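Shown next: target.cif, given as mmCIF, C-alpha atoms.
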```
data_start
loop_
_atom_site.label_atom_id
_atom_site.label_comp_id
_atom_site.auth_asym_id
_atom_site.auth_seq_id
_atom_site.Cartn_x
_atom_site.Cartn_y
_atom_site.Cartn_z
CA MET A 1 11.41 -16.40 40.92
CA LYS A 2 8.26 -14.76 42.29
CA ALA A 3 7.65 -12.54 45.29
CA GLY A 4 4.77 -13.75 47.43
CA ILE A 5 3.09 -12.89 50.71
CA ILE A 6 4.12 -15.41 53.39
CA GLY A 7 2.71 -13.60 56.43
CA ILE A 8 -0.04 -11.07 57.12
CA GLY A 9 -1.43 -9.16 60.08
CA SER A 10 -3.45 -6.11 61.07
CA TYR A 11 -4.04 -4.04 64.18
CA LEU A 12 -6.83 -1.62 65.07
CA PRO A 13 -7.33 0.70 68.06
CA ASP A 14 -10.07 -0.30 70.48
CA LYS A 15 -11.92 3.02 70.53
CA VAL A 16 -14.88 3.18 68.14
CA ILE A 17 -16.37 6.45 66.84
CA SER A 18 -19.89 6.02 65.50
CA ASN A 19 -21.88 8.30 63.24
CA TYR A 20 -24.07 9.11 66.23
CA ASP A 21 -20.97 10.35 68.06
CA LEU A 22 -20.25 12.68 65.14
CA GLU A 23 -23.81 14.00 65.19
CA LYS A 24 -22.91 15.56 68.53
CA LYS A 25 -19.84 17.30 67.10
CA VAL A 26 -20.86 18.63 63.68
CA ASP A 27 -23.98 19.29 61.62
CA THR A 28 -24.48 15.81 60.16
CA SER A 29 -26.58 12.68 60.63
CA ASN A 30 -26.11 8.93 60.65
CA GLU A 31 -28.37 8.62 57.58
CA TRP A 32 -26.48 11.28 55.61
CA ILE A 33 -23.08 9.73 56.33
CA ILE A 34 -24.18 6.22 55.38
CA GLU A 35 -25.88 7.41 52.19
CA ARG A 36 -22.92 9.52 51.07
CA THR A 37 -20.03 7.32 52.22
CA GLY A 38 -21.17 3.90 53.42
CA ILE A 39 -19.37 4.44 56.72
CA SER A 40 -20.98 3.70 60.09
CA TYR A 41 -17.96 3.45 62.39
CA ARG A 42 -14.27 4.26 62.48
CA ARG A 43 -11.46 3.51 64.94
CA LYS A 44 -9.56 6.20 66.84
CA ALA A 45 -6.18 5.80 68.51
CA ASN A 46 -5.50 7.23 71.96
CA ASP A 47 -3.75 10.59 72.11
CA ASN A 48 -0.41 9.03 73.05
CA ILE A 49 -0.45 6.61 70.09
CA CYS A 50 1.22 7.35 66.74
CA SER A 51 1.43 5.56 63.40
CA SER A 52 4.57 3.62 64.26
CA ASP A 53 2.83 2.14 67.33
CA LEU A 54 -0.01 0.69 65.26
CA GLY A 55 2.40 -0.29 62.49
CA ALA A 56 4.68 -2.14 64.90
CA GLU A 57 1.78 -4.20 66.26
CA ALA A 58 0.62 -5.18 62.78
CA ALA A 59 4.25 -5.94 61.84
CA LYS A 60 4.70 -8.31 64.78
CA LEU A 61 1.57 -10.22 63.82
CA SER A 62 2.63 -10.57 60.18
CA ILE A 63 6.14 -11.75 61.13
CA LYS A 64 4.68 -14.33 63.51
CA ASP A 65 2.26 -15.44 60.80
CA ALA A 66 5.23 -15.97 58.48
CA ASN A 67 6.94 -18.16 61.11
CA LEU A 68 9.86 -15.76 61.22
CA GLU A 69 11.63 -13.72 63.87
CA PRO A 70 12.17 -9.94 63.63
CA GLU A 71 15.89 -10.61 63.02
CA ASP A 72 14.93 -12.44 59.81
CA ILE A 73 13.56 -9.24 58.25
CA ASP A 74 16.17 -7.53 56.09
CA LEU A 75 14.10 -4.60 54.74
CA ILE A 76 11.14 -2.60 56.06
CA ILE A 77 9.07 -0.36 53.79
CA SER A 78 6.49 1.81 55.53
CA ALA A 79 3.65 3.72 53.86
CA SER A 80 1.72 6.37 55.76
CA SER A 81 -0.17 9.60 55.16
CA SER A 82 0.20 10.36 58.87
CA PRO A 83 3.82 9.52 59.70
CA ASP A 84 5.23 10.06 63.16
CA ARG A 85 7.45 12.88 61.87
CA ILE A 86 8.68 14.32 58.57
CA PHE A 87 11.93 12.59 59.49
CA PRO A 88 13.24 10.15 60.57
CA ALA A 89 11.36 7.58 58.53
CA THR A 90 8.51 5.85 60.32
CA ALA A 91 10.00 2.60 59.00
CA CYS A 92 13.11 3.21 61.11
CA ILE A 93 10.99 3.76 64.22
CA ILE A 94 9.05 0.56 63.51
CA GLN A 95 12.35 -1.28 63.01
CA ASN A 96 13.45 -0.26 66.49
CA LYS A 97 10.09 -1.09 68.12
CA ILE A 98 10.00 -4.63 66.74
CA ARG A 99 13.76 -5.15 67.18
CA ALA A 100 14.37 -5.98 63.52
CA LYS A 101 18.05 -5.13 63.93
CA ASN A 102 19.15 -6.53 60.58
CA ALA A 103 16.69 -4.57 58.46
CA ALA A 104 17.24 -1.55 56.28
CA ALA A 105 14.24 0.78 56.43
CA PHE A 106 12.62 3.56 54.44
CA ASP A 107 9.25 5.24 53.87
CA ILE A 108 7.14 5.60 50.75
CA GLN A 109 4.70 8.51 50.46
CA ALA A 110 1.91 7.85 48.01
CA ALA A 111 -1.03 8.60 50.33
CA CYS A 112 -3.89 6.10 49.97
CA THR A 113 -1.96 4.26 47.23
CA GLY A 114 1.02 3.91 49.56
CA PHE A 115 0.62 0.22 50.31
CA ILE A 116 0.41 -0.60 46.59
CA TYR A 117 3.56 1.42 45.87
CA ALA A 118 5.35 -0.24 48.81
CA LEU A 119 4.30 -3.78 47.86
CA THR A 120 5.35 -3.19 44.25
CA THR A 121 8.75 -1.90 45.37
CA ALA A 122 9.24 -4.80 47.76
CA ALA A 123 8.41 -7.34 45.05
CA GLN A 124 11.12 -5.90 42.81
CA PHE A 125 13.70 -6.22 45.58
CA ILE A 126 12.73 -9.87 46.12
CA VAL A 127 12.79 -10.73 42.42
CA GLY A 128 16.09 -8.90 42.03
CA GLY A 129 17.60 -10.93 44.84
CA GLN A 130 18.70 -7.99 46.98
CA TYR A 131 16.59 -8.98 49.98
CA LYS A 132 15.07 -12.20 51.31
CA ASN A 133 12.29 -11.17 53.71
CA ILE A 134 10.68 -7.75 53.36
CA LEU A 135 8.15 -6.26 55.77
CA VAL A 136 5.62 -3.91 54.15
CA VAL A 137 3.55 -1.79 56.55
CA GLY A 138 0.63 0.58 55.99
CA SER A 139 -0.19 2.46 59.20
CA GLU A 140 -2.29 5.53 59.93
CA VAL A 141 -3.40 7.73 62.79
CA LEU A 142 -5.47 10.02 60.59
CA SER A 143 -7.54 11.19 63.54
CA LYS A 144 -4.70 13.55 64.43
CA VAL A 145 -4.74 15.27 61.02
CA THR A 146 -8.52 15.27 60.61
CA ASP A 147 -10.42 18.52 61.16
CA TRP A 148 -13.15 17.51 63.58
CA GLU A 149 -14.95 20.77 62.83
CA ASP A 150 -15.25 20.00 59.10
CA ARG A 151 -18.35 17.87 58.55
CA ASN A 152 -17.29 16.96 55.00
CA THR A 153 -14.04 15.27 56.02
CA CYS A 154 -14.30 14.26 59.67
CA VAL A 155 -16.84 11.55 58.81
CA LEU A 156 -14.43 9.81 56.45
CA PHE A 157 -11.23 8.85 58.20
CA GLY A 158 -10.11 6.23 60.70
CA ASP A 159 -6.98 4.80 62.31
CA GLY A 160 -5.41 1.38 61.83
CA ALA A 161 -2.50 -0.62 60.43
CA GLY A 162 -1.83 -3.65 58.28
CA ALA A 163 1.36 -5.45 57.31
CA VAL A 164 2.64 -8.28 55.14
CA VAL A 165 5.91 -10.15 54.83
CA LEU A 166 7.08 -10.69 51.28
CA SER A 167 9.55 -13.40 50.32
CA LYS A 168 10.55 -15.66 47.43
CA VAL A 169 7.92 -18.30 46.63
CA LYS A 170 8.04 -21.38 44.42
CA TRP A 171 4.75 -20.58 42.71
CA GLY A 172 2.11 -17.86 42.71
CA GLY A 173 2.87 -14.50 44.26
CA VAL A 174 2.75 -11.07 42.64
CA ILE A 175 1.97 -11.61 38.95
CA ASN A 176 1.82 -8.00 37.80
CA SER A 177 1.85 -4.47 39.21
CA ILE A 178 1.11 -1.05 37.76
CA LEU A 179 1.64 2.40 39.24
CA GLY A 180 0.55 5.85 38.12
CA ALA A 181 0.49 9.48 39.13
CA ASP A 182 -0.83 12.86 37.99
CA GLY A 183 0.70 15.73 39.93
CA ASN A 184 -1.64 18.15 38.16
CA GLY A 185 -4.27 17.11 40.71
CA SER A 186 -2.02 17.41 43.74
CA GLU A 187 -4.11 20.14 45.36
CA LEU A 188 -7.38 18.19 45.20
CA LEU A 189 -6.47 16.19 48.30
CA GLU A 190 -3.78 17.51 50.59
CA LEU A 191 -2.53 18.41 54.03
CA PRO A 192 -1.41 21.95 53.17
CA ALA A 193 0.85 23.10 56.01
CA GLY A 194 3.74 21.63 57.95
CA GLY A 195 6.22 21.21 55.09
CA THR A 196 8.63 23.67 53.49
CA LYS A 197 5.93 25.32 51.37
CA GLU A 198 3.89 26.35 54.42
CA PRO A 199 6.02 25.92 57.53
CA ALA A 200 4.10 25.79 60.78
CA ASP A 201 3.40 29.18 62.34
CA PHE A 202 0.60 30.91 64.20
CA ASP A 203 -1.24 31.73 60.97
CA THR A 204 -1.24 28.16 59.60
CA VAL A 205 -2.57 26.85 62.90
CA LYS A 206 -5.24 29.55 63.12
CA LYS A 207 -6.42 28.79 59.59
CA ARG A 208 -6.49 25.04 60.32
CA ARG A 209 -4.03 24.33 57.53
CA HIS A 210 -2.60 21.29 59.33
CA TYR A 211 -5.65 19.18 58.59
CA ILE A 212 -6.75 17.19 55.53
CA LYS A 213 -8.41 19.26 52.80
CA MET A 214 -10.29 17.65 49.95
CA SER A 215 -12.22 18.61 46.81
CA GLY A 216 -14.69 15.77 47.13
CA ASN A 217 -16.42 15.84 43.73
CA GLU A 218 -13.18 15.95 41.74
CA VAL A 219 -11.58 13.21 43.82
CA PHE A 220 -14.68 11.05 43.34
CA LYS A 221 -14.56 11.33 39.53
CA PHE A 222 -10.81 10.61 39.50
CA ALA A 223 -11.15 7.58 41.77
CA VAL A 224 -13.93 5.90 39.78
CA LYS A 225 -12.02 6.32 36.52
CA VAL A 226 -8.66 5.00 37.75
CA PHE A 227 -10.34 2.12 39.61
CA GLU A 228 -11.76 0.88 36.33
CA ASP A 229 -8.73 1.71 34.18
CA CYS A 230 -6.24 0.20 36.65
CA THR A 231 -8.19 -3.01 36.98
CA ARG A 232 -8.45 -3.53 33.24
CA LYS A 233 -4.79 -2.70 32.64
CA VAL A 234 -3.27 -4.93 35.34
CA ILE A 235 -5.34 -7.87 34.05
CA LYS A 236 -4.65 -7.24 30.37
CA GLU A 237 -0.89 -7.05 30.91
CA ALA A 238 -1.04 -10.47 32.60
CA ASP A 239 -3.02 -11.98 29.69
CA LEU A 240 -6.04 -12.58 31.89
CA SER A 241 -9.68 -11.47 31.92
CA LEU A 242 -12.05 -10.33 34.64
CA ASN A 243 -13.52 -13.83 34.65
CA ASP A 244 -10.18 -15.10 35.98
CA ILE A 245 -10.32 -12.83 39.04
CA ASP A 246 -11.67 -14.31 42.26
CA LEU A 247 -11.58 -11.17 44.40
CA ILE A 248 -10.93 -7.43 44.18
CA ILE A 249 -9.75 -5.62 47.31
CA PRO A 250 -9.95 -1.87 46.71
CA HIS A 251 -8.90 1.06 48.83
CA GLN A 252 -11.78 1.65 51.23
CA ALA A 253 -12.51 5.31 50.53
CA ASN A 254 -16.22 5.59 49.79
CA ILE A 255 -18.90 3.03 48.97
CA ARG A 256 -20.15 5.13 46.05
CA ILE A 257 -16.70 5.01 44.43
CA ILE A 258 -16.55 1.24 44.78
CA ASP A 259 -20.11 0.69 43.54
CA ALA A 260 -19.69 3.01 40.55
CA ALA A 261 -16.42 1.37 39.49
CA ILE A 262 -17.58 -2.23 39.74
CA LYS A 263 -20.74 -1.30 37.84
CA ARG A 264 -18.55 -0.03 34.99
CA LEU A 265 -16.48 -3.20 35.18
CA LYS A 266 -19.60 -5.38 35.37
CA PHE A 267 -17.87 -7.28 38.15
CA PRO A 268 -19.92 -9.20 40.77
CA ARG A 269 -20.39 -7.24 43.99
CA ASP A 270 -19.99 -10.38 46.11
CA ARG A 271 -16.43 -10.76 44.82
CA VAL A 272 -15.37 -7.31 46.07
CA VAL A 273 -14.11 -6.89 49.64
CA VAL A 274 -15.77 -3.96 51.42
CA ASN A 275 -15.22 -3.26 55.13
CA LEU A 276 -15.31 0.54 55.20
CA SER A 277 -18.59 0.53 57.12
CA ASN A 278 -16.64 -0.52 60.22
CA TYR A 279 -13.39 1.38 59.73
CA GLY A 280 -13.80 4.28 57.31
CA ASN A 281 -10.94 5.44 55.11
CA MET A 282 -7.64 4.34 56.68
CA SER A 283 -5.55 5.55 53.73
CA SER A 284 -2.46 3.30 53.31
CA ALA A 285 -3.77 0.89 55.97
CA SER A 286 -7.14 0.18 54.34
CA ILE A 287 -5.97 -2.38 51.77
CA PRO A 288 -3.77 -4.52 54.07
CA VAL A 289 -6.44 -4.51 56.80
CA ALA A 290 -9.10 -5.59 54.29
CA LEU A 291 -6.71 -8.19 52.86
CA ASP A 292 -6.02 -9.63 56.31
CA GLU A 293 -9.73 -9.75 57.21
CA ALA A 294 -10.67 -11.40 53.93
CA PHE A 295 -7.97 -14.04 54.40
CA ARG A 296 -8.97 -14.77 58.01
CA MET A 297 -12.62 -15.07 56.97
CA GLY A 298 -11.73 -17.66 54.32
CA ARG A 299 -12.65 -15.47 51.37
CA ILE A 300 -9.15 -15.90 49.90
CA LYS A 301 -8.02 -19.43 49.13
CA LYS A 302 -4.75 -20.82 47.83
CA GLY A 303 -4.65 -20.36 44.06
CA HIS A 304 -7.11 -17.47 44.03
CA LYS A 305 -6.25 -14.56 41.79
CA ILE A 306 -6.87 -11.27 43.56
CA ILE A 307 -6.44 -7.62 42.69
CA LEU A 308 -5.40 -4.97 45.19
CA ILE A 309 -6.19 -1.50 43.91
CA GLY A 310 -5.40 1.90 45.42
CA PHE A 311 -6.01 5.55 44.53
CA GLY A 312 -5.45 8.77 46.41
CA ALA A 313 -3.65 12.04 46.94
CA GLY A 314 -0.88 12.92 44.56
CA LEU A 315 -2.86 12.10 42.58
CA THR A 316 -1.65 8.50 42.64
CA TRP A 317 -3.01 5.11 41.72
CA GLY A 318 -1.84 1.53 41.36
CA ALA A 319 -2.75 -2.14 41.43
CA ASN A 320 -1.21 -5.52 42.28
CA LEU A 321 -2.40 -8.76 40.70
CA ILE A 322 -1.59 -11.66 43.03
CA ASP A 323 -1.83 -15.41 42.63
CA TRP A 324 -2.46 -16.23 46.29
CA ASN A 325 0.12 -18.68 47.59
CA LEU A 326 -0.84 -19.09 51.26
#
```

Could you quickly redo this structure as structure tokens?
Amino acid sequence: MKAGIIGIGSYLPDKVISNYDLEKKVDTSNEWIIERTGISYRRKANDNICSSDLGAEAAKLSIKDANLEPEDIDLIISASSSPDRIFPATACIIQNKIRAKNAAAFDIQAACTGFIYALTTAAQFIVGGQYKNILVVGSEVLSKVTDWEDRNTCVLFGDGAGAVVLSKVKWGGVINSILGADGNGSELLELPAGGTKEPADFDTVKKRRHYIKMSGNEVFKFAVKVFEDCTRKVIKEADLSLNDIDLIIPHQANIRIIDAAIKRLKFPRDRVVVNLSNYGNMSSASIPVALDEAFRMGRIKKGHKIILIGFGAGLTWGANLIDWNL
């Protein structure tokens, strides 16, 4: 028995924030942003929209794509770095919004690796026989936790959501998955306040502690290394080589990370999905959105072997090797 993706969908807010818009807010330039990140545009949700709203829309599309009804979903796993609340789980809110009344629901917090962690967990539940149809959602409204006065971080992040439905398949599906973490680097990329360590008060708000903080150089070095290591490991464990891989879909964090990693791997650039120019870093949503776009564009065909690879705060990393069955 294998767990395979039988439905996929993504949803993005209509509002577009360009680099030229950011030039008016902070000391930066379109040229600097493109050179340092590869990002030209990002999406921004309206003020009344939260992660569960975007996640629910992507979920509906993926369920429809799977030719299922919301009542057919028996588990929802949501990954988000910008959940609606600390609790209840964003997955429970999505469950209610899509009327998936028969589904259990819980969240996974692994930041930008969240979708990989969630997909890996879902696959185990399918293979183990506990659940039949599992909805995996990566949704983010990072614009609400981005410091728009910090020129080093405000250029990076965007809003969006992607979702897949996982079920038992006769062939193909998830071949191998690996996960990793190093809590020693937990302070390199964080949202410091709002939890029990730094509860919200006047001082945390004044010091802008409720926004994303990042040590860019250290995160860059970490990301390039785990991108390469993860890719090699997930392939080796499946008794395959890089020549067997048709497409790599990485977390869309920074073009320099992607370029440096694939150079180390000596992997063809035209077999790597990159869409961060249009959307920026959408954390847990970046991989499912890129996966959906690549599939709709015909870049993924039945029988293709693809790698999804994530890395982010925690520090966390992971990869899924999939024999595409759609």

List the residues matched by the PyMOL selection byres ((chain A and resi 187-200) around 7) in the displayed structure as a PDB file with C-alpha atoms, in the coordinates of the input, ordered by chain and then by residue number.
```pdb
ATOM      1  CA  GLY A 185      -4.270  17.110  40.710  1.00  0.00           C
ATOM      2  CA  SER A 186      -2.020  17.410  43.740  1.00  0.00           C
ATOM      3  CA  ASP A 201       3.400  29.180  62.340  1.00  0.00           C
ATOM      4  CA  THR A 204      -1.240  28.160  59.600  1.00  0.00           C
ATOM      5  CA  ARG A 209      -4.030  24.330  57.530  1.00  0.00           C
ATOM      6  CA  HIS A 210      -2.600  21.290  59.330  1.00  0.00           C
ATOM      7  CA  TYR A 211      -5.650  19.180  58.590  1.00  0.00           C
ATOM      8  CA  ILE A 212      -6.750  17.190  55.530  1.00  0.00           C
ATOM      9  CA  LYS A 213      -8.410  19.260  52.800  1.00  0.00           C
ATOM     10  CA  MET A 214     -10.290  17.650  49.950  1.00  0.00           C
ATOM     11  CA  SER A 215     -12.220  18.610  46.810  1.00  0.00           C
ATOM     12  CA  VAL A 219     -11.580  13.210  43.820  1.00  0.00           C
ATOM     13  CA  ALA A 313      -3.650  12.040  46.940  1.00  0.00           C
TER      14      ALA A 313
END
```

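Atom pair atom CA of A:Met1 / atom CA of A:Lys168: separated by 6.6 Å.
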
Running the PyMOL selection byres ((chain A and resi 230) around 9) on this model by hand, what would come out? Give it as a count of residues only. 18

Resolved residues for the PyMOL selection byres ((chain A and resi 3) around 9) as a list in words: Met1, Lys2, Gly4, Ile5, Ala122, Ala123, Gln124, Phe125, Ile126, Val127, Leu166, Ser167, Lys168, Val169, Lys170, Trp171, Gly172, Gly173, Val174 and Ile175 of chain A

Name all residues at most 10 Å from A:Leu22 (count only C-alpha atoms; drop same-chain ones fewer than 3 positions away) and give them as an NGL selection string. :A and (17-19 or 25-30 or 33 or 41 or 148-149 or 151 or 154-155)

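Using all atoms listed in the file for every distance, the candidate list A:Gly183, A:Gly114, A:Gly9, A:Gly280 yields A:Gly9 as the residue closest to A:Ala294.
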
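The smallest atom-to-atom distance between A:Leu321 and any of A:Glu293, A:Glu69, A:Glu237, A:Glu31, using only C-alpha atoms, is found for A:Glu237.
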
Could you please determine the separation between atom CA of A:Arg299 and atom CA of A:Phe267 in Å, to one decimal place? 16.4 Å

Please produce, as JSON lines, a per-residue contact table for stretch 195-254 of chain A versus stretch 103-113 of chain A (criterion: any atom at most 10 Å away, only C-alpha atoms considered), showing the nearest atom pair and its distance in Å to one decimal, sorted by chain then residue number.
```
{"residue": "A:His251", "atom": "CA", "partner": "A:Cys112", "partner_atom": "CA", "distance": 7.2}
{"residue": "A:Gln252", "atom": "CA", "partner": "A:Cys112", "partner_atom": "CA", "distance": 9.1}
{"residue": "A:Ala253", "atom": "CA", "partner": "A:Cys112", "partner_atom": "CA", "distance": 8.7}
```

Box for stretch 260-266 of chain A: with edges along x, y and z, all listed atoms inside and 8 Å added on each side, what are the centre and edge lengths in Å to one decimal, as JSON?
```
{"center_x": -18.6, "center_y": -1.2, "center_z": 37.8, "size_x": 20.3, "size_y": 24.4, "size_z": 21.6}
```

Of the candidates A:Pro88, A:Pro83, A:Gly38, A:Gly312, which one gets nearest to A:Ile255 if we count all atoms listed in the file? A:Gly38

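Between A:Lys101 and the candidates A:Ile76, A:Pro70, A:Tyr131, A:Ser82, the tightest atom-to-atom separation, counting all atoms listed in the file, involves A:Pro70.
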
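Nearest to A:Leu68 of all the residues A:Leu276, A:Val224, A:Ile49, A:Ala100 is A:Ala100, based on all atoms listed in the file.
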
Computed interatomic separation between atom CA of A:Lys97 and atom CA of A:Ala59 (Å): 9.9 Å

Selection near A:Pro268, 12 Å with all atoms listed in the file, sequence-local residues under 5 positions removed, as a VMD selection string: chain A and resid 242 to 243 245 to 248 258 to 259 261 to 263 273

A:Ser51: which residues within 8 Å, counting all atoms listed in the file, same-chain residues fewer than 3 positions away excluded, as a count of residues only? 11

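The smallest atom-to-atom distance between A:Leu315 and any of A:Asp182, A:Asp244, A:Ala290, A:Gly298, using all atoms listed in the file, is found for A:Asp182.
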
Test item: residues at most 12 Å from A:Glu57, only C-alpha atoms, excluding those fewer than 6 positions along its chain, as a JSON list (two decimals) with C-alpha atoms, keeping the file's coordinate frame:
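Resulting contents of result.json:
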```json
[["chain", "number", "residue", "atom", "x", "y", "z"],
["A", 8, "ILE", "CA", -0.04, -11.07, 57.12],
["A", 9, "GLY", "CA", -1.43, -9.16, 60.08],
["A", 10, "SER", "CA", -3.45, -6.11, 61.07],
["A", 11, "TYR", "CA", -4.04, -4.04, 64.18],
["A", 12, "LEU", "CA", -6.83, -1.62, 65.07],
["A", 13, "PRO", "CA", -7.33, 0.70, 68.06],
["A", 49, "ILE", "CA", -0.45, 6.61, 70.09],
["A", 50, "CYS", "CA", 1.22, 7.35, 66.74],
["A", 51, "SER", "CA", 1.43, 5.56, 63.40],
["A", 63, "ILE", "CA", 6.14, -11.75, 61.13],
["A", 64, "LYS", "CA", 4.68, -14.33, 63.51],
["A", 94, "ILE", "CA", 9.05, 0.56, 63.51],
["A", 95, "GLN", "CA", 12.35, -1.28, 63.01],
["A", 97, "LYS", "CA", 10.09, -1.09, 68.12],
["A", 98, "ILE", "CA", 10.00, -4.63, 66.74],
["A", 137, "VAL", "CA", 3.55, -1.79, 56.55],
["A", 138, "GLY", "CA", 0.63, 0.58, 55.99],
["A", 139, "SER", "CA", -0.19, 2.46, 59.20],
["A", 160, "GLY", "CA", -5.41, 1.38, 61.83],
["A", 161, "ALA", "CA", -2.50, -0.62, 60.43],
["A", 162, "GLY", "CA", -1.83, -3.65, 58.28],
["A", 163, "ALA", "CA", 1.36, -5.45, 57.31],
["A", 164, "VAL", "CA", 2.64, -8.28, 55.14]]
```

What's the 8 Å shell around A:Leu142, counting all atoms listed in the file, without same-chain residues fewer than 3 positions away, as a PyMOL selection string? chain A and resi 81-82+145-146+157-159+282

If you keep N, CA and C atoms, can you output stretch 131-152 of chain A as a PDB file, in the first residue's frame?
```pdb
ATOM      1  N   TYR A 131      -6.608   6.069   8.386  1.00  0.00           N
ATOM      2  CA  TYR A 131      -7.477   7.005   7.685  1.00  0.00           C
ATOM      3  C   TYR A 131      -7.445   6.731   6.188  1.00  0.00           C
ATOM      4  N   LYS A 132      -8.531   7.132   5.507  1.00  0.00           N
ATOM      5  CA  LYS A 132      -8.678   6.864   4.083  1.00  0.00           C
ATOM      6  C   LYS A 132      -8.318   8.072   3.222  1.00  0.00           C
ATOM      7  N   ASN A 133      -8.876   9.224   3.559  1.00  0.00           N
ATOM      8  CA  ASN A 133      -8.641  10.455   2.793  1.00  0.00           C
ATOM      9  C   ASN A 133      -8.181  11.561   3.733  1.00  0.00           C
ATOM     10  N   ILE A 134      -6.957  12.015   3.550  1.00  0.00           N
ATOM     11  CA  ILE A 134      -6.382  13.022   4.448  1.00  0.00           C
ATOM     12  C   ILE A 134      -6.113  14.305   3.676  1.00  0.00           C
ATOM     13  N   LEU A 135      -6.589  15.405   4.234  1.00  0.00           N
ATOM     14  CA  LEU A 135      -6.354  16.732   3.669  1.00  0.00           C
ATOM     15  C   LEU A 135      -5.143  17.353   4.361  1.00  0.00           C
ATOM     16  N   VAL A 136      -4.152  17.751   3.574  1.00  0.00           N
ATOM     17  CA  VAL A 136      -2.954  18.415   4.105  1.00  0.00           C
ATOM     18  C   VAL A 136      -2.933  19.840   3.571  1.00  0.00           C
ATOM     19  N   VAL A 137      -2.869  20.814   4.483  1.00  0.00           N
ATOM     20  CA  VAL A 137      -2.964  22.224   4.101  1.00  0.00           C
ATOM     21  C   VAL A 137      -1.751  22.993   4.607  1.00  0.00           C
ATOM     22  N   GLY A 138      -1.166  23.808   3.738  1.00  0.00           N
ATOM     23  CA  GLY A 138      -0.154  24.781   4.155  1.00  0.00           C
ATOM     24  C   GLY A 138      -0.709  26.158   3.854  1.00  0.00           C
ATOM     25  N   SER A 139      -0.941  26.976   4.872  1.00  0.00           N
ATOM     26  CA  SER A 139      -1.563  28.289   4.642  1.00  0.00           C
ATOM     27  C   SER A 139      -0.883  29.354   5.484  1.00  0.00           C
ATOM     28  N   GLU A 140      -0.706  30.531   4.889  1.00  0.00           N
ATOM     29  CA  GLU A 140       0.024  31.598   5.572  1.00  0.00           C
ATOM     30  C   GLU A 140      -0.557  32.981   5.272  1.00  0.00           C
ATOM     31  N   VAL A 141      -0.643  33.788   6.324  1.00  0.00           N
ATOM     32  CA  VAL A 141      -0.849  35.227   6.168  1.00  0.00           C
ATOM     33  C   VAL A 141       0.320  35.890   6.903  1.00  0.00           C
ATOM     34  N   LEU A 142       1.494  35.760   6.307  1.00  0.00           N
ATOM     35  CA  LEU A 142       2.715  36.252   6.925  1.00  0.00           C
ATOM     36  C   LEU A 142       2.776  37.776   6.960  1.00  0.00           C
ATOM     37  N   SER A 143       1.975  38.420   6.134  1.00  0.00           N
ATOM     38  CA  SER A 143       1.979  39.884   6.108  1.00  0.00           C
ATOM     39  C   SER A 143       1.608  40.482   7.460  1.00  0.00           C
ATOM     40  N   LYS A 144       0.888  39.704   8.278  1.00  0.00           N
ATOM     41  CA  LYS A 144       0.465  40.213   9.585  1.00  0.00           C
ATOM     42  C   LYS A 144       1.529  40.028  10.659  1.00  0.00           C
ATOM     43  N   VAL A 145       2.555  39.241  10.371  1.00  0.00           N
ATOM     44  CA  VAL A 145       3.647  39.062  11.344  1.00  0.00           C
ATOM     45  C   VAL A 145       4.973  39.520  10.744  1.00  0.00           C
ATOM     46  N   THR A 146       4.890  40.284   9.667  1.00  0.00           N
ATOM     47  CA  THR A 146       6.068  40.860   9.028  1.00  0.00           C
ATOM     48  C   THR A 146       6.238  42.306   9.481  1.00  0.00           C
ATOM     49  N   ASP A 147       7.450  42.678   9.833  1.00  0.00           N
ATOM     50  CA  ASP A 147       7.743  44.048  10.249  1.00  0.00           C
ATOM     51  C   ASP A 147       7.981  44.887   8.999  1.00  0.00           C
ATOM     52  N   TRP A 148       7.003  45.694   8.641  1.00  0.00           N
ATOM     53  CA  TRP A 148       7.086  46.486   7.423  1.00  0.00           C
ATOM     54  C   TRP A 148       8.011  47.687   7.560  1.00  0.00           C
ATOM     55  N   GLU A 149       8.670  47.796   8.705  1.00  0.00           N
ATOM     56  CA  GLU A 149       9.704  48.816   8.891  1.00  0.00           C
ATOM     57  C   GLU A 149      11.105  48.231   8.810  1.00  0.00           C
ATOM     58  N   ASP A 150      11.191  46.904   8.694  1.00  0.00           N
ATOM     59  CA  ASP A 150      12.485  46.215   8.634  1.00  0.00           C
ATOM     60  C   ASP A 150      12.777  45.851   7.175  1.00  0.00           C
ATOM     61  N   ARG A 151      13.697  46.551   6.562  1.00  0.00           N
ATOM     62  CA  ARG A 151      13.959  46.361   5.133  1.00  0.00           C
ATOM     63  C   ARG A 151      14.577  44.998   4.820  1.00  0.00           C
ATOM     64  N   ASN A 152      15.161  44.352   5.821  1.00  0.00           N
ATOM     65  CA  ASN A 152      15.795  43.057   5.586  1.00  0.00           C
ATOM     66  C   ASN A 152      14.800  41.901   5.534  1.00  0.00           C
TER      67      ASN A 152
END
```
